[in-house]
Amino acid sequence: MKKLMSLLIMAVLIMTACNSELAITELNSVPKRVNEIIEVLGSNDYVQMINDSNKDISYIIINTGGTVTVSVESRDDTILINIDEVENENKDKQKHIYKLTKDRDYEMIGLYKNGEEIPFDTVTGF
């Protein structure tokens with residue numbers, strides 16, 4: 001009975017781990033490879049995206065002196081990334097780095113800043 005219960009619990013844990021969701025989270029530290037690419041890209045562009053081709057993960061880098069809040073949602077085959085920013089002209093530029101975890105393949109990514117659609121300044125991958 002204990003073996004059966006242990007197997008059942010293990011199966012539930014494995015299935016839960018495989019069930020990923022579309023999510024975006026701010027990072028305090030980034031993988032070494034991503035950090036190397038960020039250093040090469042510099043901070044002149046407002047928003048950059050780095051795609052990890054081995055995983056359903058992208059890194060979104062926002063270079064600003066403002067305060068940002070980022071959210072994500074999906075509509076059909078499109079990911080919508082919303083950046084809400086309160087600009088602060090007296091503050092030095094900072095990098096805000098977000099990890100975008102995708103739950104499946106998408107056709108497009110739409111990027112919005114304060115409700116207006118904007119382009120990615122740089123898109124690259126590894």
# chains A, B, ... in the order shown; residues from 1 in each chain; ligands from 1
>>> residues_around(residues="Gly110 of chain A", least_positions_apart="5", cutoff="12 Å", atoms="only C-alpha atoms", output="PyMOL selection string")
chain A and resi 71-75+77-83+115-120
>>> write_last_selection(atoms="N, CA, C and O atoms", output="tab-separated table (two decimals), in the first residue's frame")
chain	number	residue	atom	x	y	z
A	71	SER	N	3.60	42.83	-17.19
A	71	SER	CA	2.66	41.72	-17.11
A	71	SER	C	2.57	41.05	-18.48
A	71	SER	O	2.98	41.62	-19.49
A	72	VAL	N	2.04	39.84	-18.51
A	72	VAL	CA	1.94	39.09	-19.75
A	72	VAL	C	0.60	38.36	-19.80
A	72	VAL	O	0.05	37.98	-18.76
A	73	GLU	N	0.08	38.24	-21.01
A	73	GLU	CA	-1.14	37.47	-21.25
A	73	GLU	C	-1.08	36.92	-22.66
A	73	GLU	O	-0.22	37.31	-23.45
A	74	SER	N	-1.97	36.01	-22.96
A	74	SER	CA	-2.00	35.46	-24.32
A	74	SER	C	-3.39	35.62	-24.91
A	74	SER	O	-4.39	35.60	-24.20
A	75	ARG	N	-3.39	35.81	-26.22
A	75	ARG	CA	-4.63	35.84	-27.01
A	75	ARG	C	-4.38	35.02	-28.26
A	75	ARG	O	-3.54	35.39	-29.08
A	77	ASP	N	-2.77	32.94	-30.71
A	77	ASP	CA	-1.36	32.59	-30.93
A	77	ASP	C	-0.41	33.76	-30.70
A	77	ASP	O	0.66	33.83	-31.28
A	78	THR	N	-0.83	34.71	-29.85
A	78	THR	CA	-0.03	35.90	-29.61
A	78	THR	C	0.22	36.09	-28.11
A	78	THR	O	-0.70	35.96	-27.30
A	79	ILE	N	1.46	36.39	-27.77
A	79	ILE	CA	1.81	36.79	-26.41
A	79	ILE	C	1.76	38.31	-26.36
A	79	ILE	O	2.32	38.98	-27.23
A	80	LEU	N	1.11	38.85	-25.35
A	80	LEU	CA	1.04	40.30	-25.16
A	80	LEU	C	1.82	40.65	-23.89
A	80	LEU	O	1.47	40.20	-22.80
A	81	ILE	N	2.89	41.44	-24.08
A	81	ILE	CA	3.69	41.89	-22.95
A	81	ILE	C	3.36	43.36	-22.73
A	81	ILE	O	3.48	44.18	-23.63
A	82	ASN	N	2.94	43.67	-21.50
A	82	ASN	CA	2.54	45.03	-21.15
A	82	ASN	C	3.54	45.63	-20.17
A	82	ASN	O	3.77	45.07	-19.10
A	83	ILE	N	4.14	46.75	-20.58
A	83	ILE	CA	5.06	47.49	-19.71
A	83	ILE	C	4.34	48.75	-19.25
A	83	ILE	O	3.95	49.57	-20.07
A	115	GLY	N	0.17	51.14	-22.75
A	115	GLY	CA	-0.98	50.97	-23.62
A	115	GLY	C	-0.72	51.17	-25.10
A	115	GLY	O	-1.59	50.88	-25.92
A	116	GLU	N	0.46	51.66	-25.49
A	116	GLU	CA	0.77	51.88	-26.90
A	116	GLU	C	1.75	50.82	-27.38
A	116	GLU	O	2.73	50.52	-26.71
A	117	GLU	N	1.47	50.27	-28.57
A	117	GLU	CA	2.35	49.24	-29.11
A	117	GLU	C	3.70	49.84	-29.49
A	117	GLU	O	3.77	50.91	-30.10
A	118	ILE	N	4.76	49.13	-29.12
A	118	ILE	CA	6.13	49.56	-29.45
A	118	ILE	C	6.88	48.34	-30.00
A	118	ILE	O	6.52	47.20	-29.73
A	119	PRO	N	7.96	48.58	-30.75
A	119	PRO	CA	8.77	47.44	-31.24
A	119	PRO	C	9.86	47.08	-30.24
A	119	PRO	O	10.24	47.89	-29.39
A	120	PHE	N	10.38	45.86	-30.38
A	120	PHE	CA	11.59	45.51	-29.67
A	120	PHE	C	12.73	46.21	-30.39
A	120	PHE	O	12.78	46.22	-31.62
>>> residues_around(residues="Gly42 of chain A", least_positions_apart="6", cutoff="12 Å", atoms="only C-alpha atoms", output="ChimeraX atom specification")
/A:35-36,48,61-63,93-95,121-122
>>> write_last_selection(atoms="N, CA and C atoms", output="PDB file, in the first residue's frame")
ATOM      1  N   ASN A  35      23.907  36.866 -19.409  1.00  0.00           N
ATOM      2  CA  ASN A  35      24.626  38.058 -18.966  1.00  0.00           C
ATOM      3  C   ASN A  35      25.694  38.474 -19.974  1.00  0.00           C
ATOM      4  N   GLU A  36      26.378  37.512 -20.583  1.00  0.00           N
ATOM      5  CA  GLU A  36      27.377  37.822 -21.610  1.00  0.00           C
ATOM      6  C   GLU A  36      26.725  38.540 -22.803  1.00  0.00           C
ATOM      7  N   GLN A  48      15.008  44.974 -25.096  1.00  0.00           N
ATOM      8  CA  GLN A  48      15.716  43.939 -25.833  1.00  0.00           C
ATOM      9  C   GLN A  48      15.131  42.577 -25.454  1.00  0.00           C
ATOM     10  N   ILE A  61      14.820  42.582 -21.503  1.00  0.00           N
ATOM     11  CA  ILE A  61      15.631  43.568 -20.794  1.00  0.00           C
ATOM     12  C   ILE A  61      15.072  44.949 -21.100  1.00  0.00           C
ATOM     13  N   ILE A  62      14.754  45.702 -20.053  1.00  0.00           N
ATOM     14  CA  ILE A  62      14.238  47.055 -20.201  1.00  0.00           C
ATOM     15  C   ILE A  62      15.245  48.000 -19.554  1.00  0.00           C
ATOM     16  N   ASN A  63      15.772  48.930 -20.334  1.00  0.00           N
ATOM     17  CA  ASN A  63      16.756  49.899 -19.859  1.00  0.00           C
ATOM     18  C   ASN A  63      16.059  51.237 -19.672  1.00  0.00           C
ATOM     19  N   LYS A  93      19.685  55.342 -15.612  1.00  0.00           N
ATOM     20  CA  LYS A  93      19.165  54.145 -16.265  1.00  0.00           C
ATOM     21  C   LYS A  93      19.555  52.895 -15.494  1.00  0.00           C
ATOM     22  N   GLN A  94      18.610  51.981 -15.410  1.00  0.00           N
ATOM     23  CA  GLN A  94      18.857  50.682 -14.800  1.00  0.00           C
ATOM     24  C   GLN A  94      18.336  49.600 -15.732  1.00  0.00           C
ATOM     25  N   LYS A  95      18.912  48.403 -15.603  1.00  0.00           N
ATOM     26  CA  LYS A  95      18.433  47.251 -16.364  1.00  0.00           C
ATOM     27  C   LYS A  95      17.394  46.525 -15.514  1.00  0.00           C
ATOM     28  N   ASP A 121      13.652  46.815 -29.648  1.00  0.00           N
ATOM     29  CA  ASP A 121      14.798  47.461 -30.277  1.00  0.00           C
ATOM     30  C   ASP A 121      15.812  46.436 -30.773  1.00  0.00           C
ATOM     31  N   THR A 122      15.977  45.369 -29.998  1.00  0.00           N
ATOM     32  CA  THR A 122      16.930  44.319 -30.351  1.00  0.00           C
ATOM     33  C   THR A 122      16.325  42.966 -30.005  1.00  0.00           C
TER      34      THR A 122
END
>>> select_by_dssp(residues="segment 74-108 of chain A", states="strand (DSSP E or B)", output="ChimeraX atom specification")
/A:74-75,78-86,94-101,108
>>> residues_around(residues="Asp105 of chain A", least_positions_apart="2", cutoff="12 Å", atoms="only C-alpha atoms", output="mmCIF file with N, CA, C and O atoms, in the first residue's frame")
data_model
loop_
_atom_site.group_PDB
_atom_site.id
_atom_site.type_symbol
_atom_site.label_atom_id
_atom_site.label_comp_id
_atom_site.auth_asym_id
_atom_site.auth_seq_id
_atom_site.Cartn_x
_atom_site.Cartn_y
_atom_site.Cartn_z
ATOM 1 N N GLU A 21 3.013 27.346 -17.176
ATOM 2 C CA GLU A 21 2.108 28.403 -17.590
ATOM 3 C C GLU A 21 2.906 29.532 -18.218
ATOM 4 O O GLU A 21 4.090 29.667 -17.986
ATOM 5 N N LEU A 22 2.210 30.328 -18.991
ATOM 6 C CA LEU A 22 2.815 31.550 -19.514
ATOM 7 C C LEU A 22 3.027 32.483 -18.330
ATOM 8 O O LEU A 22 2.087 32.778 -17.595
ATOM 9 N N SER A 53 17.065 29.137 -27.405
ATOM 10 C CA SER A 53 16.524 28.209 -28.397
ATOM 11 C C SER A 53 16.338 26.789 -27.856
ATOM 12 O O SER A 53 15.625 25.998 -28.448
ATOM 13 N N LYS A 55 15.024 26.106 -24.867
ATOM 14 C CA LYS A 55 13.908 26.090 -23.931
ATOM 15 C C LYS A 55 12.850 27.062 -24.413
ATOM 16 O O LYS A 55 13.089 27.871 -25.291
ATOM 17 N N ASP A 56 11.674 26.972 -23.827
ATOM 18 C CA ASP A 56 10.613 27.941 -24.125
ATOM 19 C C ASP A 56 10.757 29.144 -23.199
ATOM 20 O O ASP A 56 9.837 29.507 -22.465
ATOM 21 N N ILE A 57 11.937 29.770 -23.252
ATOM 22 C CA ILE A 57 12.247 30.891 -22.368
ATOM 23 C C ILE A 57 12.836 32.033 -23.191
ATOM 24 O O ILE A 57 13.631 31.817 -24.093
ATOM 25 N N SER A 74 -1.972 36.007 -22.965
ATOM 26 C CA SER A 74 -1.999 35.460 -24.318
ATOM 27 C C SER A 74 -3.389 35.624 -24.908
ATOM 28 O O SER A 74 -4.386 35.600 -24.196
ATOM 29 N N ASP A 76 -5.060 33.912 -28.351
ATOM 30 C CA ASP A 76 -4.887 32.993 -29.470
ATOM 31 C C ASP A 76 -3.419 32.600 -29.594
ATOM 32 O O ASP A 76 -2.868 32.034 -28.667
ATOM 33 N N ASP A 77 -2.767 32.943 -30.708
ATOM 34 C CA ASP A 77 -1.359 32.591 -30.932
ATOM 35 C C ASP A 77 -0.415 33.761 -30.696
ATOM 36 O O ASP A 77 0.663 33.826 -31.275
ATOM 37 N N THR A 78 -0.830 34.712 -29.853
ATOM 38 C CA THR A 78 -0.029 35.903 -29.605
ATOM 39 C C THR A 78 0.217 36.087 -28.112
ATOM 40 O O THR A 78 -0.699 35.961 -27.301
ATOM 41 N N ILE A 79 1.461 36.392 -27.773
ATOM 42 C CA ILE A 79 1.814 36.789 -26.408
ATOM 43 C C ILE A 79 1.762 38.314 -26.360
ATOM 44 O O ILE A 79 2.320 38.983 -27.226
ATOM 45 N N THR A 101 8.511 32.819 -19.513
ATOM 46 C CA THR A 101 8.375 31.379 -19.668
ATOM 47 C C THR A 101 7.109 31.112 -20.477
ATOM 48 O O THR A 101 6.023 31.523 -20.084
ATOM 49 N N LYS A 102 7.297 30.442 -21.613
ATOM 50 C CA LYS A 102 6.168 30.169 -22.511
ATOM 51 C C LYS A 102 5.627 28.771 -22.268
ATOM 52 O O LYS A 102 6.393 27.843 -22.027
ATOM 53 N N ASP A 103 4.323 28.634 -22.342
ATOM 54 C CA ASP A 103 3.696 27.342 -22.117
ATOM 55 C C ASP A 103 3.510 26.547 -23.405
ATOM 56 O O ASP A 103 3.158 25.378 -23.366
ATOM 57 N N GLU A 107 2.838 32.365 -32.367
ATOM 58 C CA GLU A 107 3.173 32.946 -33.662
ATOM 59 C C GLU A 107 3.776 34.337 -33.520
ATOM 60 O O GLU A 107 4.664 34.718 -34.270
ATOM 61 N N MET A 108 3.265 35.125 -32.580
ATOM 62 C CA MET A 108 3.680 36.533 -32.470
ATOM 63 C C MET A 108 3.825 36.945 -31.013
ATOM 64 O O MET A 108 3.233 36.333 -30.126
ATOM 65 N N ILE A 109 4.592 38.025 -30.820
ATOM 66 C CA ILE A 109 4.688 38.673 -29.517
ATOM 67 C C ILE A 109 4.387 40.148 -29.732
ATOM 68 O O ILE A 109 5.031 40.802 -30.551
#
>>> atom_distance(atom1="atom CA of Asn51 of chain A", atom2="atom CA of Asn88 of chain A")
29.1 Å
>>> atom_distance(atom1="atom CA of Ile50 of chain A", atom2="atom CA of Lys99 of chain A")
9.6 Å
>>> select_by_dssp(residues="chain A", states="helix (DSSP H, G or I)", output="list in words")
Lys2, Lys3, Leu4, Met5, Ser6, Leu7, Leu8, Ile9, Met10, Ala11, Val12, Leu13, Ile14, Met15, Thr16, Ala17, Cys18, Lys32, Arg33, Val34, Asn35, Glu36, Ile37, Ile38, Glu39, Val40 and Leu41 of chain A
>>> closest_residue(among="A:Ile97, A:Val68, A:Ile60, A:Met49", to="Ser29 of chain A", atoms="only C-alpha atoms")
A:Ile97
>>> atom_distance(atom1="atom CA of Asp52 of chain A", atom2="atom CA of Thr64 of chain A")
23.5 Å
